[in-house]
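Peer 1: Just query_3.cif, nothing more (mmCIF, C-alpha atoms):
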data_upload
#
loop_
_atom_site.label_atom_id
_atom_site.label_comp_id
_atom_site.auth_asym_id
_atom_site.auth_seq_id
_atom_site.Cartn_x
_atom_site.Cartn_y
_atom_site.Cartn_z
CA MET I 1 -0.12 -21.21 -25.43
CA SER I 2 -3.07 -19.17 -24.17
CA ARG I 3 -2.89 -15.42 -24.63
CA HIS I 4 -3.94 -13.23 -21.75
CA VAL I 5 -3.40 -9.94 -19.97
CA ALA I 6 -0.87 -10.26 -17.15
CA ILE I 7 -0.94 -8.14 -13.99
CA VAL I 8 2.27 -6.89 -12.39
CA THR I 9 2.43 -4.78 -9.24
CA ASP I 10 5.11 -4.11 -6.62
CA SER I 11 5.80 -5.44 -3.15
CA THR I 12 4.15 -2.47 -1.40
CA ALA I 13 0.71 -3.80 -2.44
CA TYR I 14 1.03 -6.26 0.48
CA LEU I 15 -1.31 -8.75 -1.15
CA PRO I 16 -1.62 -12.08 0.64
CA PRO I 17 0.38 -14.78 -1.21
CA GLN I 18 -2.74 -16.87 -1.75
CA THR I 19 -4.50 -13.91 -3.37
CA MET I 20 -1.58 -13.32 -5.72
CA ALA I 21 -1.50 -17.00 -6.65
CA ARG I 22 -5.27 -17.17 -7.21
CA HIS I 23 -5.24 -14.14 -9.51
CA GLY I 24 -1.88 -14.71 -11.17
CA ILE I 25 -0.43 -11.40 -9.95
CA THR I 26 3.34 -10.82 -9.94
CA ALA I 27 4.94 -8.40 -7.47
CA VAL I 28 8.31 -6.75 -8.15
CA PRO I 29 10.15 -6.14 -4.85
CA LEU I 30 11.36 -2.81 -3.55
CA THR I 31 14.50 -2.71 -1.43
CA VAL I 32 15.21 -1.74 2.15
CA VAL I 33 18.73 -0.54 2.87
CA LEU I 34 19.65 -1.42 6.45
CA GLY I 35 23.04 -0.01 7.29
CA ASP I 36 25.19 -1.19 4.39
CA ARG I 37 22.91 -4.10 3.41
CA ALA I 38 20.34 -3.92 0.60
CA LEU I 39 17.49 -6.35 1.28
CA GLU I 40 14.49 -7.21 -0.88
CA GLU I 41 11.14 -6.56 0.74
CA GLY I 42 9.14 -9.68 1.40
CA THR I 43 11.96 -12.19 1.04
CA GLU I 44 15.09 -10.83 2.73
CA ILE I 45 13.70 -8.58 5.49
CA SER I 46 10.61 -8.97 7.63
CA ALA I 47 8.44 -6.31 9.22
CA ARG I 48 9.59 -7.51 12.65
CA SER I 49 13.27 -7.11 11.74
CA LEU I 50 12.55 -3.67 10.36
CA ALA I 51 10.68 -2.59 13.51
CA GLN I 52 13.55 -3.78 15.69
CA ALA I 53 16.05 -1.81 13.59
CA LEU I 54 13.93 1.33 13.84
CA GLN I 55 13.59 0.98 17.59
CA LYS I 56 17.39 0.75 17.82
CA ARG I 57 17.57 3.89 15.65
CA ARG I 58 19.61 2.13 12.99
CA SER I 59 19.92 3.79 9.59
CA VAL I 60 17.08 2.59 7.34
CA THR I 61 16.31 3.82 3.83
CA THR I 62 14.35 2.42 0.91
CA SER I 63 15.07 2.05 -2.80
CA ARG I 64 13.01 1.46 -5.92
CA PRO I 65 13.50 -1.55 -8.21
CA GLY I 66 15.73 -0.88 -11.21
CA PRO I 67 14.27 -0.89 -14.73
CA GLU I 68 16.09 -4.17 -15.38
CA THR I 69 14.03 -5.84 -12.63
CA PHE I 70 10.82 -4.77 -14.30
CA ALA I 71 12.18 -5.79 -17.71
CA ALA I 72 12.76 -9.30 -16.39
CA ALA I 73 9.22 -9.47 -14.98
CA TYR I 74 7.75 -8.30 -18.30
CA ARG I 75 9.80 -10.85 -20.27
CA ALA I 76 8.68 -13.62 -17.93
CA ALA I 77 5.03 -12.65 -18.38
CA ALA I 78 5.40 -12.57 -22.17
CA ASP I 79 7.16 -15.94 -22.15
CA ALA I 80 4.26 -17.34 -20.12
CA GLY I 81 1.80 -16.28 -22.81
CA ALA I 82 0.80 -12.71 -21.96
CA SER I 83 -0.34 -10.64 -24.92
CA GLY I 84 -0.24 -7.48 -22.81
CA ILE I 85 0.68 -6.39 -19.30
CA VAL I 86 -0.89 -3.98 -16.81
CA SER I 87 1.76 -2.75 -14.38
CA LEU I 88 0.23 -1.10 -11.31
CA HIS I 89 2.34 0.74 -8.75
CA LEU I 90 2.46 2.81 -5.61
CA SER I 91 2.14 6.57 -5.89
CA ALA I 92 4.91 8.24 -7.89
CA GLU I 93 4.91 10.88 -5.14
CA PHE I 94 6.42 8.28 -2.81
CA SER I 95 8.85 6.42 -5.02
CA GLY I 96 10.59 6.22 -8.38
CA THR I 97 9.08 2.76 -8.88
CA TYR I 98 6.57 4.00 -11.45
CA ASP I 99 9.33 5.76 -13.42
CA ALA I 100 11.46 2.61 -13.48
CA ALA I 101 8.50 0.62 -14.78
CA VAL I 102 7.89 3.18 -17.53
CA VAL I 103 11.50 2.87 -18.69
CA ALA I 104 11.29 -0.93 -18.80
CA ALA I 105 7.93 -0.90 -20.58
CA LYS I 106 9.44 0.81 -23.62
CA GLU I 107 11.54 -2.27 -24.39
CA ALA I 108 9.04 -4.94 -23.36
CA PRO I 109 8.21 -7.69 -25.90
CA VAL I 110 4.45 -7.05 -25.50
CA PRO I 111 2.45 -3.87 -24.83
CA VAL I 112 2.71 -2.69 -21.21
CA ARG I 113 0.41 -0.13 -19.62
CA VAL I 114 2.05 1.37 -16.53
CA VAL I 115 -0.38 2.95 -14.03
CA ASP I 116 0.44 5.28 -11.16
CA THR I 117 -2.45 4.34 -8.88
CA GLY I 118 -1.70 7.10 -6.37
CA MET I 119 -2.13 4.38 -3.74
CA VAL I 120 -0.05 2.11 -1.52
CA ALA I 121 -0.52 -1.03 0.60
CA MET I 122 -3.88 -2.77 0.07
CA ALA I 123 -5.24 0.40 -1.52
CA LEU I 124 -2.86 -0.61 -4.33
CA GLY I 125 -3.56 -4.31 -3.79
CA PHE I 126 -7.29 -3.93 -4.35
CA CYS I 127 -6.54 -2.16 -7.67
CA ALA I 128 -4.36 -5.06 -8.75
CA VAL I 129 -7.09 -7.56 -7.86
CA ALA I 130 -9.70 -5.56 -9.81
CA ALA I 131 -7.49 -5.58 -12.90
CA ALA I 132 -6.73 -9.29 -12.47
CA GLU I 133 -10.42 -10.20 -12.23
CA VAL I 134 -11.02 -8.49 -15.58
CA ALA I 135 -8.01 -10.21 -17.11
CA GLN I 136 -9.18 -13.62 -15.86
CA ALA I 137 -12.53 -12.97 -17.54
CA ASP I 138 -10.67 -12.49 -20.85
CA GLY I 139 -10.94 -8.72 -20.69
CA SER I 140 -8.72 -6.50 -22.81
CA LEU I 141 -5.71 -4.49 -21.75
CA ASP I 142 -7.79 -1.30 -21.77
CA GLU I 143 -10.57 -2.92 -19.74
CA ALA I 144 -8.13 -4.14 -17.08
CA VAL I 145 -6.56 -0.67 -16.81
CA ALA I 146 -10.01 0.93 -16.54
CA ALA I 147 -10.99 -1.47 -13.74
CA ALA I 148 -7.85 -0.61 -11.77
CA GLU I 149 -8.29 3.13 -12.27
CA LYS I 150 -11.96 2.96 -11.25
CA ARG I 151 -11.03 1.06 -8.10
CA ALA I 152 -8.30 3.57 -7.25
CA ALA I 153 -10.68 6.51 -7.73
CA GLY I 154 -13.16 5.06 -5.23
CA THR I 155 -10.68 3.86 -2.60
CA PHE I 156 -9.91 5.69 0.64
CA ALA I 157 -6.96 5.13 2.95
CA TYR I 158 -6.57 6.60 6.44
CA PHE I 159 -3.86 5.95 8.97
CA TYR I 160 -2.58 6.81 12.39
CA VAL I 161 1.07 6.95 13.44
CA ASP I 162 2.49 7.24 16.92
CA THR I 163 5.03 9.79 15.72
CA LEU I 164 5.56 11.88 12.60
CA ASP I 165 9.31 11.54 12.91
CA TYR I 166 9.70 8.66 10.46
CA LEU I 167 7.61 10.39 7.79
CA ARG I 168 9.60 13.57 8.33
CA ARG I 169 12.92 11.76 7.87
CA GLY I 170 11.73 10.26 4.60
CA GLY I 171 10.36 13.54 3.26
CA ARG I 172 6.92 12.01 2.63
CA ILE I 173 4.78 14.06 4.93
CA GLY I 174 3.10 16.46 2.46
CA ALA I 175 0.85 19.13 3.95
CA ALA I 176 1.13 17.46 7.37
CA GLN I 177 4.55 19.12 7.58
CA ALA I 178 2.76 21.98 9.35
CA LEU I 179 2.11 19.64 12.29
CA LEU I 180 5.75 19.12 13.12
CA GLY I 181 5.96 22.12 15.43
CA SER I 182 3.10 20.77 17.54
CA ALA I 183 3.70 17.06 17.06
CA LEU I 184 3.88 16.39 20.78
CA ALA I 185 0.49 17.99 21.38
CA VAL I 186 -1.55 16.14 18.74
CA LYS I 187 -2.13 12.69 17.34
CA PRO I 188 -2.72 13.26 13.64
CA LEU I 189 -4.92 11.19 11.39
CA LEU I 190 -3.47 11.13 7.90
CA GLU I 191 -4.93 10.16 4.54
CA LEU I 192 -3.89 9.44 0.99
CA GLU I 193 -5.08 12.29 -1.19
CA GLY I 194 -3.89 12.92 -4.73
CA GLY I 195 -1.13 10.40 -4.27
CA ARG I 196 0.27 12.26 -1.26
CA ILE I 197 0.09 11.92 2.50
CA GLU I 198 -2.08 14.73 3.81
CA LEU I 199 -3.50 15.72 7.16
CA CYS I 200 -7.03 14.50 7.68
CA GLU I 201 -7.75 15.53 11.28
CA LYS I 202 -5.99 16.33 14.54
CA VAL I 203 -6.98 14.66 17.79
CA ARG I 204 -5.48 14.74 21.26
CA THR I 205 -4.93 11.12 22.24
CA ALA I 206 -4.11 7.81 20.60
CA SER I 207 -7.39 6.24 21.75
CA LYS I 208 -9.42 9.09 20.26
CA ALA I 209 -7.43 8.88 17.02
CA ILE I 210 -8.15 5.18 16.67
CA ALA I 211 -11.84 5.69 17.46
CA ARG I 212 -11.99 8.36 14.78
CA LEU I 213 -10.19 6.06 12.34
CA GLU I 214 -13.00 3.57 12.87
CA GLU I 215 -15.65 6.25 12.35
CA LEU I 216 -14.10 7.45 9.10
CA ALA I 217 -13.85 3.91 7.76
CA ALA I 218 -17.47 3.12 8.62
CA GLU I 219 -18.67 6.36 7.06
CA ARG I 220 -16.77 5.69 3.82
CA ALA I 221 -17.96 2.09 3.68
CA GLY I 222 -21.64 3.03 3.84
CA ALA I 223 -24.07 0.23 3.03
CA GLY I 224 -22.71 -0.92 -0.34
CA ARG I 225 -20.40 -3.85 -1.10
CA VAL I 226 -16.95 -2.94 0.09
CA ASP I 227 -13.55 -4.48 0.75
CA ILE I 228 -11.56 -3.34 3.79
CA ALA I 229 -7.96 -3.82 4.85
CA VAL I 230 -6.60 -3.05 8.29
CA HIS I 231 -2.82 -2.59 8.35
CA HIS I 232 -0.42 -2.21 11.24
CA LEU I 233 3.25 -2.31 12.21
CA SER I 234 4.03 -3.94 15.54
CA ALA I 235 0.44 -3.35 16.70
CA PRO I 236 -1.40 -6.64 16.09
CA GLU I 237 -3.81 -6.29 19.01
CA ARG I 238 -4.89 -2.82 17.92
CA ALA I 239 -5.41 -4.05 14.36
CA ALA I 240 -7.39 -7.13 15.37
CA ALA I 241 -9.66 -5.12 17.66
CA LEU I 242 -10.31 -2.51 14.98
CA ALA I 243 -11.06 -5.19 12.41
CA ASP I 244 -13.55 -6.85 14.75
CA ARG I 245 -15.38 -3.58 15.30
CA LEU I 246 -15.52 -2.84 11.58
CA ARG I 247 -16.81 -6.34 10.88
CA ASP I 248 -19.76 -5.55 13.13
CA ARG I 249 -20.33 -2.05 11.78
CA VAL I 250 -20.11 -2.48 7.98
CA PRO I 251 -23.19 -4.25 6.61
CA GLY I 252 -21.89 -4.60 3.05
CA LEU I 253 -18.47 -5.98 3.98
CA ALA I 254 -17.16 -8.40 1.36
CA ASP I 255 -13.50 -9.12 2.12
CA LEU I 256 -11.65 -8.03 5.25
CA HIS I 257 -7.86 -8.27 5.30
CA VAL I 258 -5.76 -7.76 8.44
CA SER I 259 -2.02 -7.62 7.88
CA GLU I 260 1.23 -6.11 8.97
CA VAL I 261 2.76 -3.73 6.44
CA GLY I 262 6.10 -4.66 4.97
CA ALA I 263 9.48 -3.15 5.58
CA VAL I 264 9.29 -0.42 2.91
CA ILE I 265 6.18 1.30 4.24
CA GLY I 266 7.15 0.48 7.81
CA ALA I 267 10.43 2.33 7.37
CA HIS I 268 8.50 5.53 6.69
CA THR I 269 5.77 5.18 9.32
CA GLY I 270 7.47 3.49 12.27
CA PRO I 271 6.09 1.00 14.82
CA GLY I 272 2.57 1.71 16.02
CA LEU I 273 1.11 2.38 12.57
CA LEU I 274 -2.58 1.59 12.25
CA GLY I 275 -4.26 2.09 8.91
CA VAL I 276 -7.57 1.33 7.20
CA VAL I 277 -8.23 0.99 3.48
CA VAL I 278 -11.85 1.17 2.30
CA SER I 279 -12.42 0.08 -1.29
CA PRO I 280 -15.96 -0.11 -2.71
CA ARG I 281 -16.55 -2.78 -5.33
#
Take the structure in the file and give it back as structure tokens.
Peer 2:
Amino acid sequence: MSRHVAIVTDSTAYLPPQTMARHGITAVPLTVVLGDRALEEGTEISARSLAQALQKRRSVTTSRPGPETFAAAYRAAADAGASGIVSLHLSAEFSGTYDAAVVAAKEAPVPVRVVDTGMVAMALGFCAVAAAEVAQADGSLDEAVAAAEKRAAGTFAYFYVDTLDYLRRGGRIGAAQALLGSALAVKPLLELEGGRIELCEKVRTASKAIARLEELAAERAGAGRVDIAVHHLSAPERAAALADRLRDRVPGLADLHVSEVGAVIGAHTGPGLLGVVVSPR
């Protein structure tokens, strides 16, 4: 049995299935609670179903995986030949997922390094891929962790939402809380900063906000080799158009992913989300 470093992440990385298969990455699902039903993200509830529930103003909350779920994933990796595991997760400011992984890691049959990336969506996904590439090249546990942390440190994530109401309900709005009193008068651009959602800029219209989102992404991309992800919820045309413009504007573009976010992040942003992740290689 070959010994290797295994990579575990969670479902909010929103990695394409083919990417996970190619790099041997395992994702532990978070849960969406819709009314009185607990549904696993990615298998039991779709982004479309989530958007419809939000539009009908149904009660939607989210829940972290339990430590036992991580323990099972770690045992499976060890049984498959892993000599160590890197477990990479969304910001601990958003979820108790990291804490649950830490608890499970203490009883794992092989060493587990749990990393709070401070990221989410493909900002997290790119970190998982960076660690997996090192692992596939027979890198050590420490080298895989270092690759993920380096990728996280250089990655930027910006996003636009049609309304701050969903973020407010979930208590995940950070310093942008100050916008709530004038939410009808502005269209905020938000960013991930220090593992939190913070205000980046205020603009007056949705079209100007999306144009500025493009500008920020192009500025961060520069001329070096860079991966970009464009995320949306119930806004596929907006996402496709933005991706096309970035494809033309970023000379060093390596990979470009366009995808709808899953139900967990969608529950906290609402329909109309448009986000861009810029991750230099």
Peer 1: Using the chain letters and numbering of this document, enumerate as a PyMOL selection string the residues selected by the PyMOL selection byres ((chain I and resi 68) around 12).
Peer 2: chain I and resi 28+64-67+69-75+97+100-108
Peer 1: Taking the file as shown, find all residues satisfying the PyMOL selection byres ((chain I and resi 231-244) around 10) and write them as number ranges by chain.
Peer 2: I: 14, 47-48, 50-52, 121-122, 159-161, 210-211, 213-214, 228-230, 245-249, 256-263, 265-267, 269-277
Peer 1: At a cut-off of 9 Å, using all atoms listed in the file, what residues contact Glu40 in chain I? Leave out same-chain residues fewer than 3 positions from it and give the result as a list in words.
Peer 2: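 Surrounding residues, per the criterion: Pro29, Leu30, Thr31, Val32, Val33, Thr43, Glu44 and Ile45 of chain I.
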Peer 1: Just how far from CA of Arg3 in chain I is CA of Asp255 in chain I, in Å to one decimal?
Peer 2: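 Going from CA of Asp255 in chain I over to CA of Arg3 in chain I, I get 29.5 Å.
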Peer 1: Give as number ranges by chain the residues that the PyMOL selection byres ((chain I and resi 8) around 6) matches when applied to the coordinates above.
Peer 2: I: 7, 9, 25-27, 87
Peer 1: Produce a file of the selected residues containing C-alpha atoms, as a PDB file, in the frame of the given file.
Peer 2:
ATOM      1  CA  ILE I   7      -0.940  -8.140 -13.990  1.00  0.00           C
ATOM      2  CA  THR I   9       2.430  -4.780  -9.240  1.00  0.00           C
ATOM      3  CA  ILE I  25      -0.430 -11.400  -9.950  1.00  0.00           C
ATOM      4  CA  THR I  26       3.340 -10.820  -9.940  1.00  0.00           C
ATOM      5  CA  ALA I  27       4.940  -8.400  -7.470  1.00  0.00           C
ATOM      6  CA  SER I  87       1.760  -2.750 -14.380  1.00  0.00           C
TER       7      SER I  87
END
Peer 1: Around the point (-9.5, -5.3, -15.5) in the file's coordinates, collect all residues with an atom within 7 Å, using only C-alpha atoms, and return them as a PyMOL selection string.
Peer 2: chain I and resi 130-135+139+143-148
Peer 1: Report, in Å to a single decimal, how far apart CA of Phe156 in chain I and CA of Leu216 in chain I are.
Peer 2: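 Taking CA of Leu216 in chain I and CA of Phe156 in chain I, their separation equals 9.6 Å.
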Peer 1: Given only C-alpha atoms as the basis, pick out the residue of I:Val264, I:Ala223, I:Ala152, I:Ala80 nearest to Leu34 in chain I.
Peer 2: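 Using only C-alpha atoms, the shortest distance to Leu34 in chain I belongs to I:Val264.
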Peer 1: Suppose you want the space between CA of Thr117 in chain I and CA of Ala209 in chain I; what is it in Å?
Peer 2: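 According to the coordinates, CA of Thr117 in chain I and CA of Ala209 in chain I are separated by 26.8 Å.
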Peer 1: Could you name the residues that touch Ser279 in chain I at 8 Å or less, counting only C-alpha atoms, but leaving out those on the same chain fewer than 6 positions away, as a list of chain:residue names?
Peer 2: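 Close residues of Ser279 in chain I: I:Ala123, I:Phe126, I:Arg151, I:Gly154, I:Thr155, I:Phe156, I:Ala221, I:Val226, I:Asp227, I:Ile228.
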Peer 1: Which is closest to Asp165 in chain I among I:His23, I:His268, I:Arg281, I:Arg37, if we use all atoms listed in the file?
Peer 2: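 So, comparing all the options, the nearest one is I:His268.
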Peer 1: For His89 in chain I, list every protein, DNA or RNA residue within 7 Å, evaluated using only C-alpha atoms, and leave out those in the same chain fewer than 6 positions away; present the list as a ChimeraX atom specification.
Peer 2: /I:9-10,98,115-117,124
Peer 1: Which is closer to Lys150 in chain I than all the others in I:Pro251, I:Pro17, I:Pro280, I:Gly42, using only C-alpha atoms?
Peer 2: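 Comparing I:Pro251, I:Pro17, I:Pro280, I:Gly42 against Lys150 in chain I, the winner is I:Pro280.
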Peer 1: Would you give the centre and edge lengths, in Å to one decimal, of a box along x, y and z around the listed atoms of range 139-144 of chain I, with 4 Å added to each side, as lines of an AutoDock Vina configuration file?
Peer 2:
center_x = -8.3
center_y = -5.0
center_z = -19.9
size_x = 13.2
size_y = 15.4
size_z = 13.7
Peer 1: From the list I:Gly194, I:Pro188, I:Gly252, I:Gly84, which residue is nearest Pro111 in chain I when using all atoms listed in the file?
Peer 2: I:Gly84
